[in-house]
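Report on one structure; see the data block that follows.
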Amino acid sequence: MRDQLFDNQIDIADFRFDANVVKVFDDMVRRSVPGYDSMIQMIGLIARMYGQENTNYYDLGSSTGAISLSIALNNMHNNNQFFAIDNSEDMVNQCKKNLNNKVNNLHAICADINDINIQNASIVVLNLTLQFIGVELRSNLIKKIYDGLNPGGVLIISEKIHFENKQIQNQITKLHMDFKRENGYSELEIANKRQAIENVLITETKEEHLKRLRDCGFTDSSCFFQCLNFVSFLSVK
Ligand SMILES: C[S@@+](CC[C@H](N)C(=O)[O-])C[C@H]1O[C@@H](n2cnc3c(N)ncnc32)[C@H](O)[C@@H]1O
């Protein structure tokens, strides 16, 4: 269904991943995040390369299940359990509907990713999710993931970022707005969505992400994808 959530002049409440967003999520994310389909494809290929037999794969902030599906379709290993975790019940229900009969050993669970256990993992993905976690909680979450990964396992993070350099920040922001216009969003929709998401999506710089990953134990991290202000990091334990 086409995303028209922000196309009228209303009082804007903070953005929430509720039933209305679930209905339009797949359209919204593709028209808002440059390179979203490439992220999904590359994460599948990374899972194919780094997945291990008899281990758990975690999709944290799984929304409608695109990452879990990509990982499952690319999986070359045996005896893996797929954990798709989201704290929006509407998202979890949609994920179950989408992946039913497509992913074996799927556990789609409604939970806060700050509260879950990560164990015997070879693949953990935070695709556009860490940005919705309070900045003060991010290190604990990354440390927990590091501890739950087996040697040779990987954490993949995709995030919207900002740039310290004001000129670059302005250039890239303008290009991102052009990307949204090109995809059919009006000025009003862009402004309303920006206002709604301002307090809930907290960006950091690429350097802040890489430093946190180092501080949490990942000595081997790289940026494998960037399109405008969206980047993906691969960290190997
Ligand atoms: C932008 S979406 C992620 C997109 C998805 N990973 C994909 O690639 O299609 C962010 C998701 O994170 C979930 N989320 C936010 N905070 C969370 C938390 N503390 N625990 C679990 N899920 C959370 C939201 O409900 C939402 O579905």
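Note on naming: chains are A, B, ... as they come in the structure tokens, residues start from 1 per chain, ligands start from 1 in the order shown.
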Selection near Gln81 of chain A, 8 Å with only C-alpha atoms, sequence-local residues under 6 positions removed, as a PyMOL selection string: chain A and resi 54-57+105-107
Which of segment 65-197 of chain A DSSP labels strand (DSSP E or B), written as an NGL selection string: :A and (81-86 or 106-110 or 121-127 or 149-161)
All residues having an atom within 7 Å of ligand 1 (only C-alpha atoms and all ligand atoms) as a ChimeraX atom specification: /A:17,40,60-67,85-88,91,111-114,126-129,132-133
Alpha helix (DSSP H) call set, DSSP backbone run, segment 13-197 of chain A, as a PyMOL selection string: chain A and resi 19-32+36-50+66-74+89-99+135-148+166-182+187-197
What's the 9 Å shell around Glu53 of chain A, counting only C-alpha atoms, without same-chain residues fewer than 2 positions away, as a PDB file with N, CA and C atoms, in the first residue's frame?
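Printed below is around02.pdb as written:
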ATOM      1  N   GLY A  51      27.776 -17.181   7.664  1.00  0.00           N
ATOM      2  CA  GLY A  51      26.926 -18.046   8.475  1.00  0.00           C
ATOM      3  C   GLY A  51      27.658 -19.328   8.855  1.00  0.00           C
ATOM      4  N   THR A  55      24.064 -22.715  14.255  1.00  0.00           N
ATOM      5  CA  THR A  55      24.119 -21.449  15.011  1.00  0.00           C
ATOM      6  C   THR A  55      22.818 -20.667  14.821  1.00  0.00           C
ATOM      7  N   ASN A  56      22.706 -19.588  15.590  1.00  0.00           N
ATOM      8  CA  ASN A  56      21.524 -18.728  15.525  1.00  0.00           C
ATOM      9  C   ASN A  56      21.800 -17.483  14.681  1.00  0.00           C
ATOM     10  N   MET A  76      23.541 -21.098   3.318  1.00  0.00           N
ATOM     11  CA  MET A  76      24.145 -22.307   2.755  1.00  0.00           C
ATOM     12  C   MET A  76      24.415 -23.337   3.858  1.00  0.00           C
ATOM     13  N   HIS A  77      23.939 -23.052   5.066  1.00  0.00           N
ATOM     14  CA  HIS A  77      24.352 -23.870   6.210  1.00  0.00           C
ATOM     15  C   HIS A  77      23.178 -24.688   6.728  1.00  0.00           C
ATOM     16  N   ASN A  78      23.483 -25.600   7.639  1.00  0.00           N
ATOM     17  CA  ASN A  78      22.449 -26.492   8.168  1.00  0.00           C
ATOM     18  C   ASN A  78      22.182 -26.190   9.630  1.00  0.00           C
ATOM     19  N   ASN A  79      20.947 -26.511   9.987  1.00  0.00           N
ATOM     20  CA  ASN A  79      20.563 -26.444  11.391  1.00  0.00           C
ATOM     21  C   ASN A  79      20.730 -25.051  11.999  1.00  0.00           C
ATOM     22  N   ASN A  80      20.156 -24.046  11.330  1.00  0.00           N
ATOM     23  CA  ASN A  80      20.182 -22.680  11.863  1.00  0.00           C
ATOM     24  C   ASN A  80      18.789 -22.280  12.358  1.00  0.00           C
ATOM     25  N   SER A 122      25.985 -16.581  14.740  1.00  0.00           N
ATOM     26  CA  SER A 122      27.002 -16.322  13.709  1.00  0.00           C
ATOM     27  C   SER A 122      26.641 -15.088  12.894  1.00  0.00           C
TER      28      SER A 122
END
For segment 148-158 of chain A, please output as a short mmCIF file (atom, residue, chain, number, x, y, z; two decimals) with C-alpha atoms, in the first residue's frame all residues within 6 Å (counting only C-alpha atoms; exclusion window: fewer than 2 positions along the same chain).
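The resulting file, selection-v7.cif, is reproduced below:
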data_model
loop_
_atom_site.label_atom_id
_atom_site.label_comp_id
_atom_site.auth_asym_id
_atom_site.auth_seq_id
_atom_site.Cartn_x
_atom_site.Cartn_y
_atom_site.Cartn_z
CA ILE A 118 21.99 -13.34 22.18
CA GLN A 119 23.77 -16.68 22.16
CA ASN A 120 25.55 -19.06 19.79
CA ALA A 121 25.18 -16.45 17.03
CA SER A 122 27.00 -16.32 13.71
CA ILE A 123 24.91 -13.53 12.12
CA VAL A 124 23.38 -10.52 13.89
CA VAL A 125 21.76 -7.71 11.89
CA LEU A 126 20.64 -4.27 13.04
CA ASN A 127 19.30 -2.88 9.74
CA LEU A 128 18.12 0.70 10.36
CA ILE A 145 25.92 -8.83 20.69
CA TYR A 146 29.72 -9.13 20.72
CA VAL A 231 25.72 3.47 5.59
CA SER A 232 26.23 -0.20 6.41
CA PHE A 233 29.03 -1.58 8.58
CA LEU A 234 30.37 -5.12 8.75
CA SER A 235 32.10 -6.16 11.99
CA VAL A 236 33.73 -9.58 12.30
CA LYS A 237 34.43 -11.13 15.71
#
Met42 of chain A surroundings by only C-alpha atoms, 9 Å radius, close-in-sequence under 4 positions cut, as a ChimeraX atom specification: /A:37-38,46-47,70,224-225
Write a file of the just-selected residues containing N, CA and C atoms, as an mmCIF file, in the first residue's frame.
data_model
loop_
_atom_site.group_PDB
_atom_site.id
_atom_site.type_symbol
_atom_site.label_atom_id
_atom_site.label_comp_id
_atom_site.auth_asym_id
_atom_site.auth_seq_id
_atom_site.Cartn_x
_atom_site.Cartn_y
_atom_site.Cartn_z
ATOM 1 N N ASP A 37 17.237 -1.605 -1.135
ATOM 2 C CA ASP A 37 17.258 -2.956 -1.724
ATOM 3 C C ASP A 37 18.679 -3.510 -1.843
ATOM 4 N N SER A 38 19.648 -2.610 -2.076
ATOM 5 C CA SER A 38 21.052 -3.075 -2.119
ATOM 6 C C SER A 38 21.507 -3.544 -0.741
ATOM 7 N N ILE A 46 26.407 -11.472 2.644
ATOM 8 C CA ILE A 46 27.307 -11.552 3.810
ATOM 9 C C ILE A 46 26.916 -12.749 4.683
ATOM 10 N N ALA A 47 25.607 -12.932 4.849
ATOM 11 C CA ALA A 47 25.148 -14.075 5.660
ATOM 12 C C ALA A 47 25.570 -15.388 5.014
ATOM 13 N N SER A 70 15.974 -12.447 3.294
ATOM 14 C CA SER A 70 17.202 -12.410 2.485
ATOM 15 C C SER A 70 18.258 -13.364 3.064
ATOM 16 N N PHE A 224 30.835 -1.178 4.349
ATOM 17 C CA PHE A 224 30.769 -1.880 3.057
ATOM 18 C C PHE A 224 29.759 -1.264 2.097
ATOM 19 N N PHE A 225 28.979 -0.281 2.588
ATOM 20 C CA PHE A 225 27.967 0.324 1.707
ATOM 21 C C PHE A 225 27.681 1.738 2.185
#
Nearby residues (only C-alpha atoms) at most 7 Å from Ala108 of chain A, same-chain spacing under 5 positions excluded, as a list in words: Phe83, Ala84, Ile85, Val92 and Lys96 of chain A
For the contact check between segment 122-215 of chain A and segment 21-27 of chain A, emit one row per residue of segment 122-215 of chain A within 12 Å, containing the shortest atom pair and the distance in Å rounded to one decimal, counting only C-alpha atoms, chain then rising number order, as CSV.
residue,atom,partner,partner_atom,distance
A:Lys180,CA,A:Asp27,CA,11.9
A:Asn183,CA,A:Asp27,CA,10.2
A:Gly184,CA,A:Asp27,CA,11.2
A:Tyr185,CA,A:Asp27,CA,11.5
A:Lys193,CA,A:Val21,CA,11.8
Would you write out those residues with C-alpha atoms, as a compact mmCIF listing (two decimals), in the first residue's frame?
# COMPACT_ATOMS: atom_id res chain seq x y z
CA LYS A 180 12.25 11.66 -1.72
CA ASN A 183 9.93 9.18 -5.39
CA GLY A 184 6.68 11.15 -5.20
CA TYR A 185 6.74 12.67 -1.70
CA LYS A 193 7.75 13.08 8.42
Restrict the calculation to only C-alpha atoms, then for each residue of segment 142-198 of chain A with any atom at most 9 Å from an atom of segment 207-220 of chain A give the closest atom pair and their distance in Å to one decimal, rows by chain and rising residue number, as JSON lines.
{"residue": "A:Ile142", "atom": "CA", "partner": "A:Cys216", "partner_atom": "CA", "distance": 6.4}
{"residue": "A:Lys143", "atom": "CA", "partner": "A:Cys216", "partner_atom": "CA", "distance": 5.1}
{"residue": "A:Lys144", "atom": "CA", "partner": "A:Cys216", "partner_atom": "CA", "distance": 8.8}
{"residue": "A:Tyr146", "atom": "CA", "partner": "A:Gly217", "partner_atom": "CA", "distance": 6.8}
{"residue": "A:Asp147", "atom": "CA", "partner": "A:Gly217", "partner_atom": "CA", "distance": 8.8}
Computed interatomic separation between atom CA of Met28 of chain A and atom CA of Ser139 of chain A (Å): 28.7 Å
For atom CA of Cys110 of chain A and atom CA of Ser68 of chain A, the interatomic separation in Å (one decimal): 14.8 Å
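Of note, atom CA of Leu141 of chain A and atom CA of Asp115 of chain A are spaced 9.0 Å apart.
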Best match for closeness to Ile161 of chain A among A:Asp178, A:Arg31, A:Cys227, A:Asn117, counting only C-alpha atoms: A:Cys227
